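Undergrad: My structure is stored as query33.cif, with mmCIF, C-alpha atoms.
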```cif
data_final
loop_
_atom_site.label_atom_id
_atom_site.label_comp_id
_atom_site.auth_asym_id
_atom_site.auth_seq_id
_atom_site.Cartn_x
_atom_site.Cartn_y
_atom_site.Cartn_z
CA MET Y 1 188.19 -38.51 -54.28
CA ALA Y 2 187.85 -39.81 -57.83
CA PHE Y 3 190.15 -42.68 -58.90
CA GLU Y 4 191.26 -43.33 -55.30
CA SER Y 5 190.52 -47.06 -55.41
CA LEU Y 6 191.85 -47.44 -58.96
CA SER Y 7 195.00 -45.49 -58.10
CA ASP Y 8 195.70 -47.64 -55.04
CA LYS Y 9 195.29 -50.88 -57.00
CA LEU Y 10 197.48 -49.75 -59.90
CA GLN Y 11 200.21 -48.55 -57.55
CA ASN Y 12 200.23 -51.95 -55.83
CA VAL Y 13 200.60 -53.67 -59.20
CA PHE Y 14 203.48 -51.40 -60.21
CA LYS Y 15 205.16 -51.74 -56.83
CA ASN Y 16 205.52 -55.46 -57.52
CA LEU Y 17 206.87 -54.76 -61.01
CA ARG Y 18 209.50 -52.32 -59.72
CA GLY Y 19 210.70 -54.92 -57.23
CA LYS Y 20 211.84 -57.31 -59.97
CA GLY Y 21 215.23 -56.94 -61.62
CA ARG Y 22 214.12 -58.66 -64.81
CA LEU Y 23 210.65 -59.23 -66.20
CA SER Y 24 209.41 -62.25 -68.10
CA GLU Y 25 206.49 -62.18 -70.51
CA ALA Y 26 204.49 -64.04 -67.88
CA ASP Y 27 205.25 -61.30 -65.31
CA VAL Y 28 203.93 -58.60 -67.64
CA LYS Y 29 200.79 -60.55 -68.54
CA ALA Y 30 200.04 -61.31 -64.90
CA SER Y 31 200.40 -57.62 -63.98
CA LEU Y 32 198.23 -56.51 -66.90
CA LYS Y 33 195.56 -58.97 -65.79
CA GLU Y 34 195.46 -57.13 -62.46
CA VAL Y 35 195.36 -53.79 -64.27
CA LYS Y 36 192.45 -55.07 -66.35
CA MET Y 37 190.48 -56.06 -63.23
CA ALA Y 38 191.21 -52.70 -61.59
CA LEU Y 39 189.91 -50.81 -64.63
CA LEU Y 40 186.76 -52.92 -64.85
CA GLU Y 41 186.09 -52.36 -61.15
CA ALA Y 42 186.49 -48.62 -61.81
CA ASP Y 43 183.51 -48.92 -64.19
CA VAL Y 44 185.52 -48.43 -67.38
CA SER Y 45 183.82 -49.77 -70.52
CA PHE Y 46 184.72 -53.42 -71.19
CA LYS Y 47 185.53 -52.70 -74.86
CA VAL Y 48 187.77 -49.79 -73.82
CA VAL Y 49 189.59 -51.94 -71.24
CA LYS Y 50 190.10 -54.77 -73.73
CA GLN Y 51 191.66 -52.45 -76.32
CA PHE Y 52 193.73 -50.64 -73.67
CA ILE Y 53 195.26 -53.86 -72.32
CA LYS Y 54 195.95 -55.08 -75.85
CA SER Y 55 197.78 -51.83 -76.72
CA VAL Y 56 199.87 -51.92 -73.54
CA GLU Y 57 200.74 -55.60 -73.95
CA GLU Y 58 201.85 -55.16 -77.57
CA ARG Y 59 204.33 -52.49 -76.46
CA ALA Y 60 205.35 -53.95 -73.08
CA VAL Y 61 206.29 -57.45 -74.23
CA GLY Y 62 208.83 -56.12 -76.75
CA ALA Y 63 212.56 -56.86 -76.44
CA ASP Y 64 213.43 -53.21 -75.76
CA VAL Y 65 211.38 -53.30 -72.58
CA MET Y 66 212.23 -56.83 -71.38
CA ASN Y 67 215.97 -56.29 -71.79
CA SER Y 68 216.13 -52.75 -70.40
CA LEU Y 69 217.83 -51.95 -67.09
CA THR Y 70 214.52 -50.85 -65.54
CA PRO Y 71 211.82 -52.99 -67.21
CA GLY Y 72 209.27 -52.25 -64.46
CA GLN Y 73 209.65 -48.50 -65.01
CA GLN Y 74 209.35 -49.00 -68.77
CA VAL Y 75 206.03 -50.83 -68.36
CA ILE Y 76 204.70 -48.05 -66.09
CA LYS Y 77 205.80 -45.48 -68.68
CA ILE Y 78 203.85 -47.35 -71.37
CA VAL Y 79 200.72 -47.55 -69.17
CA HIS Y 80 201.02 -43.82 -68.49
CA GLU Y 81 201.29 -43.02 -72.21
CA GLU Y 82 198.37 -45.29 -73.09
CA LEU Y 83 196.20 -43.70 -70.38
CA ILE Y 84 196.93 -40.28 -71.87
CA ARG Y 85 196.04 -41.55 -75.34
CA LEU Y 86 192.84 -43.10 -73.97
CA MET Y 87 191.67 -39.77 -72.54
CA GLY Y 88 192.53 -37.70 -75.58
CA SER Y 89 196.32 -37.28 -75.91
CA GLU Y 90 196.11 -33.50 -76.14
CA THR Y 91 194.21 -30.89 -74.18
CA THR Y 92 191.23 -29.57 -76.15
CA GLU Y 93 190.47 -25.88 -75.76
CA LEU Y 94 186.98 -24.42 -75.92
CA LYS Y 95 186.59 -22.90 -79.40
CA LEU Y 96 185.57 -19.24 -79.39
CA ASN Y 97 185.10 -17.28 -82.61
CA SER Y 98 185.74 -13.60 -83.30
CA GLY Y 99 182.05 -12.62 -83.22
CA ILE Y 100 179.39 -13.97 -80.85
CA THR Y 101 180.11 -17.52 -79.70
CA VAL Y 102 176.97 -19.49 -78.79
CA LEU Y 103 177.43 -22.36 -76.35
CA MET Y 104 174.51 -24.74 -75.77
CA MET Y 105 174.71 -26.54 -72.42
CA MET Y 106 172.96 -29.93 -72.43
CA GLY Y 107 172.54 -32.77 -69.96
CA LEU Y 108 170.23 -34.70 -67.69
CA GLN Y 109 168.62 -33.20 -64.61
CA GLY Y 110 170.87 -33.42 -61.57
CA ALA Y 111 174.14 -33.47 -63.50
CA GLY Y 112 175.00 -29.94 -62.37
CA LYS Y 113 174.39 -28.25 -65.73
CA THR Y 114 173.06 -24.90 -64.41
CA THR Y 115 175.90 -24.52 -61.90
CA THR Y 116 178.42 -25.54 -64.55
CA ALA Y 117 177.05 -22.89 -66.94
CA ALA Y 118 177.71 -20.24 -64.28
CA LYS Y 119 181.17 -21.68 -63.56
CA LEU Y 120 182.02 -21.55 -67.25
CA ALA Y 121 180.74 -17.98 -67.53
CA GLY Y 122 182.99 -16.94 -64.65
CA LYS Y 123 185.98 -18.65 -66.24
CA LEU Y 124 185.38 -16.89 -69.57
CA LYS Y 125 184.87 -13.54 -67.86
CA ALA Y 126 188.24 -13.95 -66.13
CA LYS Y 127 189.78 -14.35 -69.60
CA GLY Y 128 188.38 -11.00 -70.74
CA LYS Y 129 185.20 -12.21 -72.45
CA ARG Y 130 181.70 -10.73 -72.00
CA PRO Y 131 179.48 -13.74 -71.38
CA LEU Y 132 175.67 -13.71 -71.18
CA LEU Y 133 173.91 -16.51 -69.33
CA VAL Y 134 170.52 -17.49 -70.78
CA ALA Y 135 167.80 -19.19 -68.73
CA CYS Y 136 166.19 -21.66 -71.16
CA ASP Y 137 165.07 -24.15 -68.52
CA VAL Y 138 161.41 -23.20 -68.04
CA TYR Y 139 160.36 -26.52 -66.50
CA ARG Y 140 162.42 -27.21 -63.40
CA PRO Y 141 161.20 -25.20 -60.40
CA ALA Y 142 163.65 -22.45 -59.38
CA ALA Y 143 166.00 -23.20 -62.32
CA ILE Y 144 165.82 -19.57 -63.48
CA LYS Y 145 166.37 -18.26 -59.95
CA GLN Y 146 169.34 -20.58 -59.46
CA LEU Y 147 170.97 -19.26 -62.62
CA GLN Y 148 170.30 -15.66 -61.59
CA VAL Y 149 171.82 -16.19 -58.13
CA ASN Y 150 174.93 -17.88 -59.54
CA GLY Y 151 175.20 -15.30 -62.32
CA GLU Y 152 175.15 -12.50 -59.76
CA LYS Y 153 177.91 -14.20 -57.77
CA GLN Y 154 180.03 -14.41 -60.91
CA GLY Y 155 179.22 -10.85 -61.96
CA VAL Y 156 177.63 -12.14 -65.17
CA GLU Y 157 174.28 -10.90 -66.54
CA VAL Y 158 171.46 -13.41 -66.92
CA PHE Y 159 168.89 -13.11 -69.73
CA THR Y 160 165.42 -14.45 -68.98
CA MET Y 161 161.92 -14.11 -70.40
CA GLY Y 162 160.15 -16.03 -67.62
CA GLU Y 163 158.56 -19.48 -67.53
CA ASN Y 164 155.79 -18.91 -70.07
CA GLN Y 165 157.98 -18.71 -73.16
CA LYS Y 166 159.27 -21.42 -75.48
CA PRO Y 167 162.99 -22.13 -74.96
CA VAL Y 168 163.75 -21.51 -78.65
CA ASN Y 169 162.20 -18.02 -78.42
CA ILE Y 170 164.20 -17.25 -75.29
CA ALA Y 171 167.38 -18.36 -77.06
CA LYS Y 172 166.62 -16.21 -80.13
CA GLY Y 173 165.77 -13.22 -77.93
CA ALA Y 174 169.02 -13.65 -75.98
CA TYR Y 175 171.10 -13.79 -79.16
CA GLU Y 176 169.57 -10.54 -80.40
CA TYR Y 177 170.10 -8.95 -76.98
CA ALA Y 178 173.76 -10.06 -76.98
CA ARG Y 179 174.29 -8.62 -80.46
CA LYS Y 180 172.87 -5.22 -79.44
CA ASN Y 181 174.73 -5.04 -76.13
CA SER Y 182 178.20 -6.22 -77.16
CA PHE Y 183 178.23 -9.61 -75.42
CA ASN Y 184 180.60 -11.97 -77.21
CA VAL Y 185 179.67 -15.32 -75.56
CA VAL Y 186 176.10 -16.59 -75.14
CA ILE Y 187 175.67 -19.58 -72.80
CA LEU Y 188 172.31 -21.32 -73.14
CA ASP Y 189 171.27 -23.25 -70.02
CA THR Y 190 168.78 -25.67 -71.58
CA ALA Y 191 166.35 -27.91 -69.69
CA GLY Y 192 167.32 -31.35 -68.48
CA ARG Y 193 165.16 -34.38 -67.81
CA LEU Y 194 165.45 -37.28 -65.40
CA HIS Y 195 166.16 -39.46 -68.43
CA VAL Y 196 166.66 -38.97 -72.17
CA ASP Y 197 163.31 -38.45 -73.90
CA GLU Y 198 161.98 -37.29 -77.26
CA ASP Y 199 160.63 -33.95 -75.99
CA MET Y 200 164.05 -32.90 -74.74
CA MET Y 201 165.72 -33.92 -78.00
CA LYS Y 202 163.16 -32.05 -80.13
CA GLU Y 203 163.64 -28.93 -78.04
CA LEU Y 204 167.42 -29.06 -78.43
CA GLN Y 205 167.14 -29.74 -82.16
CA GLU Y 206 164.82 -26.76 -82.54
CA ILE Y 207 167.29 -24.45 -80.76
CA LYS Y 208 170.12 -25.78 -82.89
CA GLU Y 209 168.14 -25.18 -86.09
CA ASN Y 210 167.28 -21.58 -85.17
CA LEU Y 211 170.59 -20.36 -83.71
CA PRO Y 212 174.21 -20.51 -84.91
CA ILE Y 213 175.37 -22.94 -82.20
CA ASP Y 214 179.18 -22.97 -82.12
CA GLN Y 215 179.64 -25.60 -79.42
CA ALA Y 216 177.11 -28.08 -78.02
CA LEU Y 217 178.50 -29.01 -74.60
CA LEU Y 218 177.24 -32.04 -72.70
CA THR Y 219 177.39 -31.97 -68.90
CA VAL Y 220 177.54 -35.45 -67.37
CA ASP Y 221 177.74 -36.61 -63.76
CA ALA Y 222 180.97 -38.58 -63.27
CA MET Y 223 179.38 -40.44 -60.36
CA THR Y 224 177.00 -42.24 -62.72
CA GLY Y 225 179.89 -44.21 -64.24
CA GLN Y 226 179.01 -46.08 -67.44
CA ASP Y 227 175.59 -44.43 -67.52
CA ALA Y 228 177.42 -41.17 -68.23
CA VAL Y 229 178.99 -42.79 -71.30
CA ASN Y 230 175.60 -44.11 -72.46
CA VAL Y 231 174.06 -40.64 -72.07
CA ALA Y 232 176.92 -39.09 -74.05
CA THR Y 233 176.48 -41.66 -76.82
CA THR Y 234 172.74 -40.92 -77.09
CA PHE Y 235 173.24 -37.14 -77.20
CA GLU Y 236 175.92 -37.52 -79.85
CA GLU Y 237 173.61 -39.64 -82.02
CA LYS Y 238 170.52 -37.43 -81.59
CA ILE Y 239 171.94 -33.89 -81.36
CA GLY Y 240 175.67 -34.00 -81.86
CA ILE Y 241 178.09 -32.86 -79.18
CA ASP Y 242 181.36 -30.97 -79.47
CA GLY Y 243 182.71 -31.57 -76.00
CA VAL Y 244 181.97 -32.97 -72.56
CA ILE Y 245 182.14 -31.41 -69.11
CA LEU Y 246 182.44 -33.97 -66.29
CA THR Y 247 180.98 -32.85 -62.97
CA LYS Y 248 181.45 -34.18 -59.41
CA LEU Y 249 184.88 -35.62 -60.14
CA ASP Y 250 185.80 -34.66 -56.58
CA GLY Y 251 183.18 -37.07 -55.22
CA ASP Y 252 183.28 -40.77 -54.43
CA THR Y 253 183.39 -41.83 -58.06
CA ARG Y 254 185.30 -44.73 -59.57
CA GLY Y 255 186.33 -42.65 -62.57
CA GLY Y 256 185.16 -44.96 -65.35
CA ALA Y 257 183.38 -42.16 -67.22
CA ALA Y 258 186.54 -40.05 -67.51
CA LEU Y 259 188.46 -43.02 -68.92
CA SER Y 260 185.71 -44.15 -71.32
CA ILE Y 261 183.95 -41.12 -72.83
CA LYS Y 262 186.63 -40.07 -75.33
CA ALA Y 263 187.25 -43.63 -76.51
CA VAL Y 264 183.54 -44.44 -76.90
CA THR Y 265 182.18 -41.16 -78.32
CA GLY Y 266 185.28 -39.68 -79.89
CA LYS Y 267 184.44 -36.37 -78.18
CA PRO Y 268 186.94 -34.64 -75.87
CA ILE Y 269 186.49 -33.82 -72.20
CA LEU Y 270 186.92 -30.04 -71.99
CA PHE Y 271 186.48 -29.32 -68.29
CA VAL Y 272 185.99 -31.17 -65.00
CA GLY Y 273 184.05 -29.98 -61.97
CA MET Y 274 186.14 -30.49 -58.84
CA GLY Y 275 183.86 -29.04 -56.17
CA GLU Y 276 180.68 -27.13 -55.38
CA LYS Y 277 182.22 -23.64 -55.40
CA LEU Y 278 181.75 -21.56 -58.55
CA SER Y 279 185.52 -21.45 -59.00
CA ASP Y 280 185.83 -25.26 -58.99
CA LEU Y 281 185.96 -25.84 -62.74
CA GLU Y 282 189.27 -27.02 -64.16
CA GLN Y 283 190.57 -27.40 -67.69
CA PHE Y 284 190.92 -31.12 -68.44
CA TYR Y 285 194.49 -32.22 -69.11
CA PRO Y 286 194.75 -35.92 -70.09
CA ASP Y 287 198.44 -36.11 -69.16
CA ARG Y 288 197.90 -34.60 -65.73
CA MET Y 289 194.92 -36.84 -65.03
CA ALA Y 290 196.94 -39.90 -66.02
CA SER Y 291 199.69 -38.82 -63.62
CA ARG Y 292 197.17 -38.41 -60.79
CA ILE Y 293 195.73 -41.88 -61.45
CA LEU Y 294 199.21 -43.45 -61.29
CA GLY Y 295 200.12 -41.56 -58.10
CA MET Y 296 202.65 -39.30 -59.84
CA GLY Y 297 201.03 -36.11 -58.57
CA ASP Y 298 200.03 -33.02 -60.52
CA VAL Y 299 202.43 -30.22 -59.67
CA LEU Y 300 201.50 -28.09 -62.71
CA THR Y 301 197.85 -27.83 -61.62
CA LEU Y 302 199.02 -27.12 -58.07
CA ILE Y 303 201.19 -24.23 -59.28
CA GLU Y 304 198.35 -22.86 -61.42
CA LYS Y 305 195.99 -22.97 -58.42
CA ALA Y 306 198.56 -21.06 -56.38
CA GLN Y 307 198.96 -18.44 -59.11
CA GLU Y 308 195.19 -17.94 -59.25
CA THR Y 309 194.50 -17.84 -55.52
CA VAL Y 310 197.61 -16.77 -53.63
CA ASP Y 311 198.25 -13.04 -53.31
CA GLU Y 312 201.89 -12.53 -54.32
CA GLU Y 313 202.37 -9.45 -52.13
CA LYS Y 314 200.84 -11.14 -49.09
CA ALA Y 315 203.06 -14.18 -49.67
CA LYS Y 316 206.19 -12.02 -49.80
CA ALA Y 317 205.15 -10.10 -46.67
CA MET Y 318 204.52 -13.39 -44.87
CA THR Y 319 207.94 -14.67 -45.91
CA GLN Y 320 209.64 -11.62 -44.42
CA LYS Y 321 207.70 -12.04 -41.17
CA LEU Y 322 208.76 -15.69 -40.99
CA LYS Y 323 212.42 -14.78 -41.49
CA LYS Y 324 212.23 -12.22 -38.68
CA ALA Y 325 210.11 -14.45 -36.41
CA GLN Y 326 207.28 -11.89 -36.57
CA PHE Y 327 204.76 -14.40 -37.87
CA GLY Y 328 201.58 -14.05 -35.78
CA PHE Y 329 198.24 -15.82 -35.50
CA ASP Y 330 196.66 -13.41 -38.01
CA ASP Y 331 199.22 -14.60 -40.56
CA TYR Y 332 198.52 -18.20 -39.60
CA LEU Y 333 194.81 -17.60 -40.18
CA GLU Y 334 195.56 -16.00 -43.54
CA SER Y 335 197.61 -19.04 -44.58
CA MET Y 336 194.66 -21.29 -43.66
CA ASN Y 337 192.32 -19.16 -45.82
CA GLN Y 338 194.77 -19.33 -48.73
CA MET Y 339 194.83 -23.10 -48.38
CA LYS Y 340 191.02 -23.23 -48.42
CA LYS Y 341 191.00 -21.25 -51.68
CA MET Y 342 193.30 -23.88 -53.20
CA GLY Y 343 190.78 -26.60 -52.32
CA GLY Y 344 191.97 -27.51 -48.84
CA LEU Y 345 195.04 -29.32 -47.55
CA SER Y 346 193.87 -32.78 -48.69
CA SER Y 347 193.38 -31.43 -52.25
CA VAL Y 348 196.87 -29.94 -52.28
CA LEU Y 349 198.50 -33.09 -50.89
CA ALA Y 350 196.70 -35.23 -53.49
CA MET Y 351 198.59 -33.33 -56.21
CA MET Y 352 202.01 -33.84 -54.61
CA PRO Y 353 204.18 -36.50 -56.29
CA GLY Y 354 204.73 -39.68 -54.29
CA LEU Y 355 201.88 -39.14 -51.85
CA GLY Y 356 199.26 -41.13 -53.75
CA SER Y 357 199.61 -44.37 -51.82
CA GLN Y 358 199.90 -42.49 -48.53
CA MET Y 359 196.89 -40.23 -49.04
CA LYS Y 360 194.52 -42.44 -47.05
CA GLY Y 361 196.61 -42.08 -43.91
CA ILE Y 362 197.21 -38.39 -44.52
CA GLU Y 363 193.52 -37.67 -45.08
CA ASP Y 364 192.67 -39.52 -41.87
CA ALA Y 365 195.06 -37.20 -40.04
CA ILE Y 366 193.50 -34.10 -41.58
CA ASP Y 367 190.46 -33.33 -39.52
CA GLU Y 368 188.47 -30.53 -41.19
CA LYS Y 369 186.48 -30.03 -37.96
CA LYS Y 370 189.75 -29.63 -36.08
CA MET Y 371 190.81 -26.93 -38.54
CA ALA Y 372 187.50 -25.15 -37.95
CA ARG Y 373 188.14 -25.28 -34.19
CA THR Y 374 191.62 -23.86 -34.76
CA GLU Y 375 190.06 -20.94 -36.61
CA ALA Y 376 187.57 -20.43 -33.76
CA ILE Y 377 190.42 -20.36 -31.20
CA ILE Y 378 192.37 -17.74 -33.17
CA LEU Y 379 189.28 -15.57 -33.69
CA SER Y 380 188.63 -15.70 -29.93
CA MET Y 381 191.95 -13.94 -29.32
CA THR Y 382 192.28 -10.17 -29.15
CA PRO Y 383 194.20 -8.43 -31.98
CA LYS Y 384 197.08 -7.87 -29.55
CA GLU Y 385 197.20 -11.56 -28.63
CA ARG Y 386 197.15 -12.64 -32.27
CA SER Y 387 200.10 -10.40 -33.14
CA ASN Y 388 202.03 -11.12 -29.91
CA PRO Y 389 201.55 -14.82 -28.96
CA GLU Y 390 204.17 -14.39 -26.22
CA ILE Y 391 201.62 -12.64 -23.95
CA LEU Y 392 199.29 -15.66 -23.85
CA ASN Y 393 199.34 -16.50 -20.15
CA PRO Y 394 197.05 -19.12 -18.46
CA SER Y 395 194.23 -16.67 -17.70
CA ARG Y 396 194.15 -15.43 -21.29
CA LYS Y 397 194.15 -19.02 -22.58
CA HIS Y 398 191.19 -19.90 -20.33
CA ARG Y 399 189.25 -16.93 -21.69
CA ILE Y 400 190.08 -17.92 -25.30
CA ALA Y 401 189.04 -21.54 -24.69
CA LYS Y 402 185.73 -20.42 -23.25
CA GLY Y 403 185.11 -18.04 -26.17
CA ALA Y 404 185.90 -20.75 -28.76
CA GLY Y 405 183.92 -23.43 -26.93
CA VAL Y 406 186.90 -25.79 -26.64
CA ASP Y 407 188.94 -27.37 -23.88
CA ILE Y 408 191.97 -25.46 -22.55
CA ALA Y 409 194.15 -28.36 -23.71
CA GLU Y 410 193.32 -27.55 -27.36
CA VAL Y 411 194.41 -23.94 -26.90
CA ASN Y 412 197.68 -25.06 -25.28
CA ARG Y 413 198.25 -27.57 -28.09
CA LEU Y 414 197.71 -24.93 -30.81
CA VAL Y 415 200.03 -22.41 -29.09
CA LYS Y 416 202.72 -25.07 -28.72
CA GLN Y 417 202.44 -26.17 -32.37
CA PHE Y 418 202.51 -22.57 -33.49
CA GLU Y 419 205.69 -21.82 -31.54
CA GLN Y 420 207.38 -24.93 -32.90
CA MET Y 421 206.46 -23.90 -36.44
CA ARG Y 422 207.87 -20.40 -35.92
CA LYS Y 423 211.17 -21.82 -34.64
CA MET Y 424 211.43 -24.24 -37.55
CA MET Y 425 210.68 -21.56 -40.16
CA LYS Y 426 213.22 -19.21 -38.62
CA GLN Y 427 215.88 -21.90 -39.03
CA MET Y 428 215.00 -22.50 -42.71
CA PRO Y 429 214.92 -19.07 -44.40
CA ASN Y 430 216.17 -20.46 -47.72
CA MET Y 431 213.11 -22.70 -48.04
CA MET Y 432 210.83 -19.68 -47.89
CA GLY Y 433 212.77 -17.48 -50.27
CA GLY Y 434 211.08 -15.83 -53.23
CA GLY Y 435 207.54 -15.46 -51.94
CA LYS Y 436 205.07 -17.84 -53.54
CA PHE Y 437 207.74 -19.33 -55.77
CA GLY Y 438 211.34 -19.94 -54.80
CA LYS Y 439 214.45 -19.76 -56.94
CA ARG Y 440 214.19 -21.17 -60.46
CA GLY Y 441 210.38 -21.18 -60.23
CA ARG Y 442 210.11 -23.96 -57.66
CA PHE Y 443 206.81 -24.01 -55.88
CA ARG Y 444 206.55 -22.67 -52.33
CA PHE Y 445 203.49 -23.13 -50.17
CA PRO Y 446 201.75 -19.94 -48.99
CA PHE Y 447 202.30 -20.73 -45.29
#
```
Show this structure as structure tokens.
TA:
Amino acid sequence: MAFESLSDKLQNVFKNLRGKGRLSEADVKASLKEVKMALLEADVSFKVVKQFIKSVEERAVGADVMNSLTPGQQVIKIVHEELIRLMGSETTELKLNSGITVLMMMGLQGAGKTTTAAKLAGKLKAKGKRPLLVACDVYRPAAIKQLQVNGEKQGVEVFTMGENQKPVNIAKGAYEYARKNSFNVVILDTAGRLHVDEDMMKELQEIKENLPIDQALLTVDAMTGQDAVNVATTFEEKIGIDGVILTKLDGDTRGGAALSIKAVTGKPILFVGMGEKLSDLEQFYPDRMASRILGMGDVLTLIEKAQETVDEEKAKAMTQKLKKAQFGFDDYLESMNQMKKMGGLSSVLAMMPGLGSQMKGIEDAIDEKKMARTEAIILSMTPKERSNPEILNPSRKHRIAKGAGVDIAEVNRLVKQFEQMRKMMKQMPNMMGGGKFGKRGRFRFPF
């Protein structure tokens, strides 16, 4: 996951700070030197790191901090605030006007621009908009087909005029089509290149000159680190950008692009791609990202994911079954599917406060293949066996193991774990109260 190495290093630095009753100026400077090295290793721009450390040091070496009862906590608070400021201070919303909003998607080939256009269309549709996806990439093989397939999955219409038309004419035709057919958002999927070149820039300039572009959005691959910042700088100078969408932030990236782009270009990060699924596009919140980096979790995003994916009625029904010890394997399977929709167990745990430094061990214990085998075991049971686990005798277990292609020991282990979970949940009805959310809005997991 993004920022994993940076997060681990920063947490180690702050662990040492918390362990000291009083801090000297030398203590702070030594810790900030380690923070500086961690940021540079995360591929954050040197100029950005230099200014960041200077800002933190100016605030952290003050008398109010050094003489406070918890100086270590005060320094961490300052670093947290400066990280938020570095990434934009406030969340920037996508600007949509009252008529037809035209969004021009830009970026290099391979950054995930076409998929991101479809993700964005789906997000806008969910908010009640009528988006139209426009296939302006007439160069990359299968680019039009890819947009059509993704558009169909999102339930969004795709406008195309084929590969023999100039992109500017396609864009003009799409705008006219949107005006006549009551679409209120036009998303232009323009062509990318393997590197920035004059032909691409001329094409984008021509589209911008002939259409009322409301937002020029640059899609950049977070895994390219400082190259992403360089690309953003070039596009800003040549075309002008209104916002950035960072893709592949769920991958093995050091995170330098996310921490540098706003400071270098002055342009906000609007969204981040957190997976390959068309639903994996998240609003970018600087404060939440800063909390994740410092291992403070991100409960607000976790709750929002639950609200979007967890069926409230199913959650309430499951709660009642748990209270009455009527929770069966079908319900267990449903809880696994709900967890998948939220990004998987490792994704959920990563957003829990206090688990940052422990995530490596937790992730090692979470075997996705094992979860797939668990699903295979449950699906190898008859409906009667899934709803009444008590009838699972040795002969039935042997048949299930054979059907799932696993050893009998795995079936026995799953049944034993399941029974232990049912007993535990029966003894803790208050923890499961209130369906998806407990009393006073506290979050409850959908299992």
Undergrad: On this structure, which residues satisfy the PyMOL selection byres ((chain Y and resi 193-195) around 9), written as a ChimeraX atom specification?
TA: /Y:107-110,140,191-192,196-197,200,231
Undergrad: Have a look at CA of Glu41 (chain Y) and CA of Leu259 (chain Y) and let me know their distance in Å, one decimal.
TA: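 These atoms are spaced 12.4 Å apart.
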Undergrad: Selection in question (the file shown): the PyMOL selection byres ((chain Y and resi 189) around 12). Which residues does it include, as a VMD selection string?
TA: chain Y and resid 102 to 109 112 to 121 132 to 140 143 to 144 146 to 148 151 158 to 160 167 to 168 170 to 171 174 186 to 188 190 to 192 204 207 216 to 219
Undergrad: If we count all atoms listed in the file, what is near Asn16 (chain Y) at a cut-off of 12 Å, once residues fewer than 2 positions away on the same chain are taken out, given as a ChimeraX atom specification?
TA: /Y:9-14,18-23,27-28,30-32,34,71-73,75-76
Undergrad: Which is closest to Ala376 (chain Y) among Y:Glu163, Y:Glu419, Y:Glu25, Y:Glu410, if we use only C-alpha atoms?
TA: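 Closest to Ala376 (chain Y), using only C-alpha atoms: Y:Glu410.
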Undergrad: One decimal, in Å: what's the spacing between CA of Glu57 (chain Y) and CA of Lys33 (chain Y)?
TA: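 Answer for the CA of Glu57 (chain Y) to CA of Lys33 (chain Y) separation: 10.2 Å.
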Undergrad: Would you write out, as a VMD selection string, every residue that the PyMOL selection byres ((chain Y and resi 266-274) around 10) captures in this file?
TA: chain Y and resid 1 to 2 87 to 94 112 115 to 116 119 to 120 217 to 222 232 to 233 236 240 to 251 258 to 265 275 to 286 343 347
Undergrad: Some atoms are absent from region 131-141 of chain Y, so rebuild N, CA and C atoms and return them as a PDB file, in the coordinates of the input.
TA:
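That gives us out_14.pdb:
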```
ATOM      1  N   PRO Y 131     180.475 -12.688 -71.237  1.00  0.00           N
ATOM      2  CA  PRO Y 131     179.480 -13.740 -71.380  1.00  0.00           C
ATOM      3  C   PRO Y 131     178.081 -13.309 -70.944  1.00  0.00           C
ATOM      4  N   LEU Y 132     177.070 -13.921 -71.556  1.00  0.00           N
ATOM      5  CA  LEU Y 132     175.670 -13.710 -71.180  1.00  0.00           C
ATOM      6  C   LEU Y 132     175.061 -15.075 -70.902  1.00  0.00           C
ATOM      7  N   LEU Y 133     174.582 -15.262 -69.686  1.00  0.00           N
ATOM      8  CA  LEU Y 133     173.910 -16.510 -69.330  1.00  0.00           C
ATOM      9  C   LEU Y 133     172.437 -16.426 -69.724  1.00  0.00           C
ATOM     10  N   VAL Y 134     171.906 -17.505 -70.287  1.00  0.00           N
ATOM     11  CA  VAL Y 134     170.520 -17.490 -70.780  1.00  0.00           C
ATOM     12  C   VAL Y 134     169.723 -18.604 -70.124  1.00  0.00           C
ATOM     13  N   ALA Y 135     168.630 -18.222 -69.442  1.00  0.00           N
ATOM     14  CA  ALA Y 135     167.800 -19.190 -68.730  1.00  0.00           C
ATOM     15  C   ALA Y 135     166.753 -19.807 -69.658  1.00  0.00           C
ATOM     16  N   CYS Y 136     167.106 -20.964 -70.245  1.00  0.00           N
ATOM     17  CA  CYS Y 136     166.190 -21.660 -71.160  1.00  0.00           C
ATOM     18  C   CYS Y 136     165.455 -22.822 -70.501  1.00  0.00           C
ATOM     19  N   ASP Y 137     165.752 -23.065 -69.229  1.00  0.00           N
ATOM     20  CA  ASP Y 137     165.070 -24.150 -68.520  1.00  0.00           C
ATOM     21  C   ASP Y 137     163.810 -23.578 -67.870  1.00  0.00           C
ATOM     22  N   VAL Y 138     162.682 -23.764 -68.531  1.00  0.00           N
ATOM     23  CA  VAL Y 138     161.410 -23.200 -68.040  1.00  0.00           C
ATOM     24  C   VAL Y 138     160.565 -24.254 -67.322  1.00  0.00           C
ATOM     25  N   TYR Y 139     161.131 -25.422 -67.097  1.00  0.00           N
ATOM     26  CA  TYR Y 139     160.360 -26.520 -66.500  1.00  0.00           C
ATOM     27  C   TYR Y 139     160.732 -26.792 -65.047  1.00  0.00           C
ATOM     28  N   ARG Y 140     162.008 -26.868 -64.765  1.00  0.00           N
ATOM     29  CA  ARG Y 140     162.420 -27.210 -63.400  1.00  0.00           C
ATOM     30  C   ARG Y 140     162.164 -26.043 -62.455  1.00  0.00           C
ATOM     31  N   PRO Y 141     161.475 -26.269 -61.364  1.00  0.00           N
ATOM     32  CA  PRO Y 141     161.200 -25.200 -60.400  1.00  0.00           C
ATOM     33  C   PRO Y 141     162.491 -24.545 -59.903  1.00  0.00           C
TER      34      PRO Y 141
END
```
